[in-house]
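Listing of structure12.txt, compact mmCIF, N, CA and C atoms
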# COMPACT_ATOMS: atom_id res chain seq x y z
N MET A 1 -104.76 122.18 31.90
CA MET A 1 -104.61 121.07 30.99
C MET A 1 -104.52 121.61 29.58
N THR A 2 -103.63 121.07 28.79
CA THR A 2 -103.41 121.59 27.44
C THR A 2 -104.38 121.04 26.43
N GLY A 3 -105.09 119.98 26.75
CA GLY A 3 -105.99 119.37 25.80
C GLY A 3 -105.30 118.29 24.96
N ALA A 4 -103.98 118.26 24.98
CA ALA A 4 -103.26 117.24 24.23
C ALA A 4 -103.31 115.92 25.00
N VAL A 5 -103.52 114.86 24.28
CA VAL A 5 -103.57 113.54 24.90
C VAL A 5 -102.39 112.73 24.38
N GLY A 6 -101.71 112.07 25.27
CA GLY A 6 -100.60 111.23 24.86
C GLY A 6 -99.69 110.97 26.03
N PHE A 7 -98.65 110.25 25.75
CA PHE A 7 -97.68 109.91 26.78
C PHE A 7 -96.59 110.95 26.82
N ARG A 8 -96.24 111.36 28.01
CA ARG A 8 -95.11 112.28 28.20
C ARG A 8 -94.07 111.54 29.01
N PHE A 9 -93.01 111.15 28.38
CA PHE A 9 -91.95 110.45 29.09
C PHE A 9 -91.26 111.42 30.02
N GLY A 10 -91.00 110.97 31.23
CA GLY A 10 -90.36 111.80 32.22
C GLY A 10 -91.34 112.61 33.06
N ALA A 11 -92.62 112.56 32.74
CA ALA A 11 -93.61 113.29 33.52
C ALA A 11 -93.78 112.60 34.88
N GLU A 12 -94.06 113.41 35.91
CA GLU A 12 -94.29 112.83 37.24
C GLU A 12 -95.63 112.13 37.29
N ARG A 13 -95.65 111.07 38.03
CA ARG A 13 -96.88 110.29 38.18
C ARG A 13 -97.89 111.05 39.03
N VAL A 14 -99.15 111.03 38.62
CA VAL A 14 -100.23 111.71 39.34
C VAL A 14 -101.10 110.71 40.08
N TYR A 15 -101.28 109.52 39.52
CA TYR A 15 -102.14 108.49 40.10
C TYR A 15 -101.30 107.46 40.82
N PRO A 16 -101.78 106.90 41.89
CA PRO A 16 -103.10 107.03 42.49
C PRO A 16 -103.24 108.30 43.30
N LEU A 17 -104.46 108.78 43.36
CA LEU A 17 -104.79 109.98 44.13
C LEU A 17 -104.94 109.62 45.61
N ALA A 18 -104.68 110.59 46.47
CA ALA A 18 -104.93 110.39 47.90
C ALA A 18 -106.42 110.14 48.09
N HIS A 19 -106.74 109.21 48.93
CA HIS A 19 -108.15 108.86 49.16
C HIS A 19 -108.59 109.49 50.47
N ALA A 20 -109.20 110.66 50.37
CA ALA A 20 -109.61 111.40 51.57
C ALA A 20 -111.06 111.14 51.96
N GLY A 21 -111.75 110.33 51.20
CA GLY A 21 -113.15 110.05 51.50
C GLY A 21 -113.96 109.98 50.23
N PRO A 22 -115.27 110.04 50.33
CA PRO A 22 -116.11 109.93 49.15
C PRO A 22 -115.76 110.99 48.09
N ASP A 23 -115.75 110.58 46.85
CA ASP A 23 -115.45 111.47 45.73
C ASP A 23 -116.66 111.49 44.80
N PRO A 24 -117.37 112.60 44.72
CA PRO A 24 -118.59 112.65 43.91
C PRO A 24 -118.34 112.40 42.43
N ARG A 25 -117.11 112.56 41.98
CA ARG A 25 -116.81 112.29 40.57
C ARG A 25 -116.84 110.80 40.27
N PHE A 26 -116.57 109.98 41.28
CA PHE A 26 -116.58 108.53 41.10
C PHE A 26 -118.01 108.06 41.26
N SER A 27 -118.70 107.99 40.14
CA SER A 27 -120.14 107.76 40.16
C SER A 27 -120.52 106.63 39.20
N GLU A 28 -121.77 106.24 39.26
CA GLU A 28 -122.30 105.25 38.33
C GLU A 28 -122.15 105.75 36.89
N SER A 29 -122.32 107.04 36.69
CA SER A 29 -122.17 107.62 35.36
C SER A 29 -120.74 107.46 34.84
N LEU A 30 -119.75 107.63 35.72
CA LEU A 30 -118.35 107.44 35.32
C LEU A 30 -118.11 105.99 34.92
N ILE A 31 -118.60 105.05 35.72
CA ILE A 31 -118.41 103.63 35.41
C ILE A 31 -119.09 103.30 34.07
N ASN A 32 -120.29 103.81 33.86
CA ASN A 32 -120.99 103.58 32.58
C ASN A 32 -120.21 104.16 31.41
N SER A 33 -119.62 105.33 31.60
CA SER A 33 -118.85 105.96 30.52
C SER A 33 -117.60 105.16 30.18
N VAL A 34 -116.89 104.68 31.21
CA VAL A 34 -115.70 103.87 30.97
C VAL A 34 -116.09 102.57 30.26
N ALA A 35 -117.17 101.95 30.69
CA ALA A 35 -117.65 100.73 30.04
C ALA A 35 -117.98 101.00 28.58
N ALA A 36 -118.63 102.11 28.29
CA ALA A 36 -119.00 102.46 26.92
C ALA A 36 -117.76 102.66 26.05
N VAL A 37 -116.73 103.28 26.60
CA VAL A 37 -115.49 103.47 25.84
C VAL A 37 -114.87 102.12 25.51
N LEU A 38 -114.81 101.23 26.49
CA LEU A 38 -114.23 99.90 26.25
C LEU A 38 -115.02 99.14 25.18
N VAL A 39 -116.34 99.17 25.28
CA VAL A 39 -117.18 98.50 24.28
C VAL A 39 -116.98 99.14 22.91
N GLY A 40 -116.84 100.46 22.88
CA GLY A 40 -116.60 101.16 21.63
C GLY A 40 -115.30 100.76 20.96
N TYR A 41 -114.34 100.29 21.75
CA TYR A 41 -113.06 99.81 21.21
C TYR A 41 -113.09 98.32 20.91
N GLY A 42 -114.26 97.72 21.01
CA GLY A 42 -114.41 96.33 20.61
C GLY A 42 -114.38 95.30 21.72
N TYR A 43 -114.30 95.76 22.97
CA TYR A 43 -114.36 94.81 24.07
C TYR A 43 -115.80 94.35 24.26
N PRO A 44 -115.99 93.14 24.83
CA PRO A 44 -117.36 92.65 25.01
C PRO A 44 -118.16 93.56 25.95
N PRO A 45 -119.47 93.61 25.74
CA PRO A 45 -120.31 94.44 26.62
C PRO A 45 -120.34 93.90 28.05
N PHE A 46 -120.56 94.81 28.97
CA PHE A 46 -120.69 94.47 30.38
C PHE A 46 -122.14 94.09 30.62
N GLU A 47 -122.37 92.83 31.01
CA GLU A 47 -123.75 92.37 31.17
C GLU A 47 -124.05 91.88 32.58
N SER A 48 -123.09 91.19 33.21
CA SER A 48 -123.38 90.64 34.54
C SER A 48 -123.03 91.65 35.62
N PRO A 49 -123.71 91.57 36.76
CA PRO A 49 -123.38 92.45 37.88
C PRO A 49 -121.93 92.28 38.32
N GLU A 50 -121.40 91.08 38.21
CA GLU A 50 -120.02 90.84 38.60
C GLU A 50 -119.05 91.59 37.70
N ASP A 51 -119.36 91.67 36.40
CA ASP A 51 -118.50 92.43 35.49
C ASP A 51 -118.52 93.92 35.84
N TRP A 52 -119.71 94.45 36.14
CA TRP A 52 -119.80 95.87 36.51
C TRP A 52 -119.04 96.14 37.80
N ALA A 53 -119.21 95.24 38.79
CA ALA A 53 -118.51 95.41 40.06
C ALA A 53 -117.01 95.31 39.87
N GLY A 54 -116.56 94.40 39.01
CA GLY A 54 -115.14 94.27 38.74
C GLY A 54 -114.56 95.51 38.09
N LEU A 55 -115.31 96.10 37.16
CA LEU A 55 -114.85 97.33 36.51
C LEU A 55 -114.75 98.45 37.54
N GLU A 56 -115.74 98.57 38.39
CA GLU A 56 -115.72 99.62 39.42
C GLU A 56 -114.53 99.43 40.36
N THR A 57 -114.29 98.19 40.78
CA THR A 57 -113.18 97.90 41.68
C THR A 57 -111.84 98.20 41.02
N ALA A 58 -111.69 97.78 39.76
CA ALA A 58 -110.43 98.01 39.05
C ALA A 58 -110.16 99.50 38.86
N LEU A 59 -111.20 100.25 38.51
CA LEU A 59 -111.04 101.68 38.30
C LEU A 59 -110.70 102.39 39.62
N ALA A 60 -111.39 102.02 40.68
CA ALA A 60 -111.08 102.61 42.00
C ALA A 60 -109.66 102.25 42.42
N GLY A 61 -109.23 101.04 42.14
CA GLY A 61 -107.88 100.62 42.50
C GLY A 61 -106.81 101.40 41.76
N TYR A 62 -107.11 101.79 40.53
CA TYR A 62 -106.16 102.58 39.76
C TYR A 62 -106.16 104.05 40.23
N LEU A 63 -107.35 104.59 40.47
CA LEU A 63 -107.47 106.02 40.76
C LEU A 63 -107.02 106.42 42.16
N TYR A 64 -107.28 105.57 43.14
CA TYR A 64 -107.10 105.98 44.53
C TYR A 64 -106.09 105.11 45.27
N GLU A 65 -105.37 105.75 46.19
CA GLU A 65 -104.51 105.00 47.10
C GLU A 65 -105.40 104.15 48.00
N ARG A 66 -104.88 103.03 48.41
CA ARG A 66 -105.64 102.18 49.31
C ARG A 66 -105.82 102.86 50.66
N LYS A 67 -107.02 102.71 51.23
CA LYS A 67 -107.26 103.21 52.57
C LYS A 67 -106.55 102.29 53.55
N ASP A 68 -105.97 102.87 54.59
CA ASP A 68 -105.39 102.05 55.65
C ASP A 68 -106.53 101.48 56.48
N THR A 69 -106.51 100.19 56.67
CA THR A 69 -107.56 99.55 57.45
C THR A 69 -107.11 99.21 58.86
N THR A 70 -105.94 99.71 59.24
CA THR A 70 -105.44 99.41 60.58
C THR A 70 -105.82 100.50 61.55
Kindly return the structure encoded in the file as structure tokens.
Amino acid sequence: MTGAVGFRFGAERVYPLAHAGPDPRFSESLINSVAAVLVGYGYPPFESPEDWAGLETALAGYLYERKDTT
């Protein structure tokens, strides 16, 4: 990784990642960090359990391919 942050037009898509099972990086600490970044940008704080669960679900939906349930 170059350390540069930004959009690269024409770059190949990396996400969603293959979902091979539990990922130790996807943790309560990660969800808390993402929530803190959003609040730092002026979004309302996460207070209800439903808001926390929604954030976790949305983040997992972006990061990982859906598991086949068939």
Exercise. Per DSSP on the backbone, what are the alpha helix (DSSP H) residues of chain A, as JSON, numbers by chain?
Worked result: {"A": [28, 29, 30, 31, 32, 33, 34, 35, 36, 37, 38, 39, 40, 49, 50, 51, 52, 53, 54, 55, 56, 57, 58, 59, 60, 61, 62, 63]}
Nearby residues (only C-alpha atoms) at most 8 Å from Leu63 in chain A, same-chain spacing under 3 positions excluded, as a JSON list (two decimals) with N, CA and C atoms, in the coordinates of the input:
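New file part.json:
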[["chain", "number", "residue", "atom", "x", "y", "z"],
["A", 15, "TYR", "N", -101.28, 109.52, 39.52],
["A", 15, "TYR", "CA", -102.14, 108.49, 40.10],
["A", 15, "TYR", "C", -101.30, 107.46, 40.82],
["A", 16, "PRO", "N", -101.78, 106.90, 41.89],
["A", 16, "PRO", "CA", -103.10, 107.03, 42.49],
["A", 16, "PRO", "C", -103.24, 108.30, 43.30],
["A", 17, "LEU", "N", -104.46, 108.78, 43.36],
["A", 17, "LEU", "CA", -104.79, 109.98, 44.13],
["A", 17, "LEU", "C", -104.94, 109.62, 45.61],
["A", 59, "LEU", "N", -111.20, 100.25, 38.51],
["A", 59, "LEU", "CA", -111.04, 101.68, 38.30],
["A", 59, "LEU", "C", -110.70, 102.39, 39.62],
["A", 60, "ALA", "N", -111.39, 102.02, 40.68],
["A", 60, "ALA", "CA", -111.08, 102.61, 42.00],
["A", 60, "ALA", "C", -109.66, 102.25, 42.42]]
Problem set entry | Nearest candidate to Glu56 in chain A (options A:Phe7, A:Val37, A:Tyr43, A:Asn32; using only C-alpha atoms) | A:Asn32
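One distance worth recording is that between atom N of Ala35 in chain A and atom C of Arg13 in chain A, which is 22.9 Å.
Interatomic distance, CA of Ala58 in chain A against atom N of Ile31 in chain A: 11.3 Å.
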Output as a CSV table (one decimal), in the frame of the given file: range 9-30 of chain A, completed with N, CA, C and O atoms.
chain,number,residue,atom,x,y,z
A,9,PHE,N,-93.0,111.2,28.4
A,9,PHE,CA,-92.0,110.4,29.1
A,9,PHE,C,-91.3,111.4,30.0
A,9,PHE,O,-91.0,112.6,29.7
A,10,GLY,N,-91.0,111.0,31.2
A,10,GLY,CA,-90.4,111.8,32.2
A,10,GLY,C,-91.3,112.6,33.1
A,10,GLY,O,-90.9,113.3,34.0
A,11,ALA,N,-92.6,112.6,32.7
A,11,ALA,CA,-93.6,113.3,33.5
A,11,ALA,C,-93.8,112.6,34.9
A,11,ALA,O,-93.7,111.4,35.0
A,12,GLU,N,-94.1,113.4,35.9
A,12,GLU,CA,-94.3,112.8,37.2
A,12,GLU,C,-95.6,112.1,37.3
A,12,GLU,O,-96.6,112.6,36.7
A,13,ARG,N,-95.6,111.1,38.0
A,13,ARG,CA,-96.9,110.3,38.2
A,13,ARG,C,-97.9,111.0,39.0
A,13,ARG,O,-97.5,111.6,40.1
A,14,VAL,N,-99.2,111.0,38.6
A,14,VAL,CA,-100.2,111.7,39.3
A,14,VAL,C,-101.1,110.7,40.1
A,14,VAL,O,-101.6,111.0,41.2
A,15,TYR,N,-101.3,109.5,39.5
A,15,TYR,CA,-102.1,108.5,40.1
A,15,TYR,C,-101.3,107.5,40.8
A,15,TYR,O,-100.2,107.2,40.4
A,16,PRO,N,-101.8,106.9,41.9
A,16,PRO,CA,-103.1,107.0,42.5
A,16,PRO,C,-103.2,108.3,43.3
A,16,PRO,O,-102.3,108.8,43.8
A,17,LEU,N,-104.5,108.8,43.4
A,17,LEU,CA,-104.8,110.0,44.1
A,17,LEU,C,-104.9,109.6,45.6
A,17,LEU,O,-105.3,108.5,45.9
A,18,ALA,N,-104.7,110.6,46.5
A,18,ALA,CA,-104.9,110.4,47.9
A,18,ALA,C,-106.4,110.1,48.1
A,18,ALA,O,-107.3,110.8,47.4
A,19,HIS,N,-106.7,109.2,48.9
A,19,HIS,CA,-108.2,108.9,49.2
A,19,HIS,C,-108.6,109.5,50.5
A,19,HIS,O,-108.4,108.9,51.5
A,20,ALA,N,-109.2,110.7,50.4
A,20,ALA,CA,-109.6,111.4,51.6
A,20,ALA,C,-111.1,111.1,52.0
A,20,ALA,O,-111.6,111.7,52.9
A,21,GLY,N,-111.8,110.3,51.2
A,21,GLY,CA,-113.2,110.0,51.5
A,21,GLY,C,-114.0,110.0,50.2
A,21,GLY,O,-113.4,109.9,49.1
A,22,PRO,N,-115.3,110.0,50.3
A,22,PRO,CA,-116.1,109.9,49.2
A,22,PRO,C,-115.8,111.0,48.1
A,22,PRO,O,-115.5,112.1,48.4
A,23,ASP,N,-115.8,110.6,46.8
A,23,ASP,CA,-115.4,111.5,45.7
A,23,ASP,C,-116.7,111.5,44.8
A,23,ASP,O,-117.0,110.5,44.2
A,24,PRO,N,-117.4,112.6,44.7
A,24,PRO,CA,-118.6,112.6,43.9
A,24,PRO,C,-118.3,112.4,42.4
A,24,PRO,O,-119.3,112.1,41.7
A,25,ARG,N,-117.1,112.6,42.0
A,25,ARG,CA,-116.8,112.3,40.6
A,25,ARG,C,-116.8,110.8,40.3
A,25,ARG,O,-117.1,110.4,39.1
A,26,PHE,N,-116.6,110.0,41.3
A,26,PHE,CA,-116.6,108.5,41.1
A,26,PHE,C,-118.0,108.1,41.3
A,26,PHE,O,-118.5,107.8,42.3
A,27,SER,N,-118.7,108.0,40.1
A,27,SER,CA,-120.1,107.8,40.2
A,27,SER,C,-120.5,106.6,39.2
A,27,SER,O,-119.7,106.1,38.4
A,28,GLU,N,-121.8,106.2,39.3
A,28,GLU,CA,-122.3,105.2,38.3
A,28,GLU,C,-122.2,105.8,36.9
A,28,GLU,O,-121.8,105.0,36.0
A,29,SER,N,-122.3,107.0,36.7
A,29,SER,CA,-122.2,107.6,35.4
A,29,SER,C,-120.7,107.5,34.8
A,29,SER,O,-120.5,107.2,33.7
A,30,LEU,N,-119.8,107.6,35.7
A,30,LEU,CA,-118.4,107.4,35.3
A,30,LEU,C,-118.1,106.0,34.9
A,30,LEU,O,-117.5,105.7,33.9
